[in-house]
Amino acid sequence: MPKVKSEKKHRIHNEVQKQGIVFNKDFGQHILKNPLVITSMLEKSALRPTDVVLEIGPGTGNMTVKILEKAKKVIACEIDARLVAELQKRVQGTPLHSRLQILVGDALKTELPFFDICIANVPYQISSPLVFKLLLHRPLFRCAVLMFQREFAQRLVAKPDDKLYCRLSINTQLLARVDLLMKVGKNNFRPPPKVESSVVRIEPRNPPPPINFTEWDGLTRIAFLRKNKTLAASFKHSSVLETLLKNYRLHCSLHNIALADNFNIKDKVEQILNDTNMGAKRARSMDIDDFMNLLCAFNTEGIHFS
Ligand code: SAH
């Protein structure tokens, strides 16, 4: 038998012996083995005994059982049926059992129920869509304490002119207050991931800003596609102008406005950027107020993003 194959077999055998389960890297399965990290995440969430807690990716339940001891109810969403069985086995016959609800499936495709708090050691490959799924969920939750890959966490909290400032930073910060809570090294996980991790707290702005998030996202996508370029340059692209023109036509027909024969979307955009003094600005240095003012100026002229 080739050597590599037999080594792999040996390794898998060891894993099975240790845990009864082989972790699947495709599902980002790196379980937290340090109980101090779990306790600390729970503390930072300021969990109340009356809270319903959402956990994404409970795995074998190291965190789940600790949350169950402190909360009214845990709703845990897990994609891997093998781990769901493990978790069920772990709570069966204990008083925790009746307060755990498991949703089997992909958290991104599952309709989430009401929850007060979200605590999770998140599978890193779903980090970004998960943050926005949580922040756009209604009614709003009180706070989320989440473990992410360190660079992703740094992007979440980055401010204008920081190296890692990006569309993720501004879109998240529009909807929430985000704080870095602590760094967590690779060796706190089994198996250790390739990257370092950090825990962040996300507190949704409540009430949420009176902004159409789809439009906001459309605007920041254009501006951050090349965050070091001026807005004037970013808005010159024909694909951008075509979309804006299509949206403007729709706006006109919805509002019974006749489209002028000499209407030119490029001139219109230039005029808005000049009137607002924004043409020379670059996304890398723009804050939330800058984007709010810009979106408002475009919308006032009937120009919408999608
Ligand atoms: N919270 C556990 C396990 C974290 S590993 C602990 O800290 O010990 C990440 C977990 O998320 C794994 O159990 C994995 O199966 C699960 N997972 C991966 N992708 C998922 C998805 N799209 N939806 C729900 N769970 C997912």
# chains A, B, ... in the order shown; residues from 1 in each chain; ligands from 1
>>> residues_near_ligand(ligand="ligand 1", cutoff="6 Å", atoms="only C-alpha atoms and all ligand atoms", output="PyMOL selection string")
chain A and resi 27-32+56-59+62-63+77-80+105-108+120-123
>>> select_by_dssp(residues="region 63-274 of chain A", states="strand (DSSP E)", output="PyMOL selection string")
chain A and resi 73-78+100-104+117-121+143-149+176-184+189-190+197-204
>>> closest_residue(among="A:Lys246, A:Arg201, A:Lys66, A:Lys159", to="Val131 (chain A)", atoms="only C-alpha atoms")
A:Arg201
>>> residues_around(residues="Ile265 (chain A)", least_positions_apart="6", cutoff="8 Å", atoms="only C-alpha atoms", output="list in words")
Leu241, Leu244 and Leu245 of chain A
>>> write_last_selection(atoms="C-alpha atoms", output="PDB file, in the first residue's frame")
ATOM      1  CA  LEU A 241     -23.585  54.095 -16.195  1.00  0.00           C
ATOM      2  CA  LEU A 244     -27.840  53.670 -13.453  1.00  0.00           C
ATOM      3  CA  LEU A 245     -29.577  54.573 -16.706  1.00  0.00           C
TER       4      LEU A 245
END
>>> residues_around(residues="Arg221 (chain A)", least_positions_apart="5", cutoff="12 Å", atoms="only C-alpha atoms", output="PDB file with C-alpha atoms, in the first residue's frame")
ATOM      1  CA  CYS A 166     -13.265  48.120   2.691  1.00  0.00           C
ATOM      2  CA  ARG A 167     -16.894  47.667   1.670  1.00  0.00           C
ATOM      3  CA  LEU A 168     -17.337  45.084   4.437  1.00  0.00           C
ATOM      4  CA  ILE A 170     -18.574  50.454   5.942  1.00  0.00           C
ATOM      5  CA  ASN A 171     -21.567  48.208   5.225  1.00  0.00           C
ATOM      6  CA  PHE A 213     -29.574  48.716   2.262  1.00  0.00           C
ATOM      7  CA  THR A 214     -29.747  47.332  -1.281  1.00  0.00           C
ATOM      8  CA  GLU A 215     -29.133  50.850  -2.639  1.00  0.00           C
ATOM      9  CA  TRP A 216     -26.410  51.521  -0.091  1.00  0.00           C
ATOM     10  CA  ARG A 226     -11.260  50.550  -6.817  1.00  0.00           C
ATOM     11  CA  LYS A 227     -11.075  52.174  -3.433  1.00  0.00           C
ATOM     12  CA  LEU A 231     -15.334  58.657  -7.418  1.00  0.00           C
ATOM     13  CA  SER A 234     -15.245  54.971 -10.639  1.00  0.00           C
ATOM     14  CA  PHE A 235     -18.485  56.401 -12.019  1.00  0.00           C
ATOM     15  CA  VAL A 240     -21.969  51.431 -14.025  1.00  0.00           C
ATOM     16  CA  ALA A 283     -13.662  55.494  -1.085  1.00  0.00           C
ATOM     17  CA  PHE A 291     -21.797  57.956   1.628  1.00  0.00           C
ATOM     18  CA  PHE A 305     -28.589  51.928  -7.193  1.00  0.00           C
ATOM     19  CA  SER A 306     -29.358  48.232  -7.291  1.00  0.00           C
TER      20      SER A 306
END
>>> atom_distance(atom1="CA of Glu203 (chain A)", atom2="CA of Arg142 (chain A)")
6.3 Å
>>> closest_residue(among="A:Ile119, A:Ile211, A:Leu156, A:Met147", to="Ser197 (chain A)", atoms="only C-alpha atoms")
A:Met147
>>> closest_residue(among="A:Ala176, A:Val200, A:Ala233, A:Met292", to="Leu219 (chain A)", atoms="only C-alpha atoms")
A:Met292
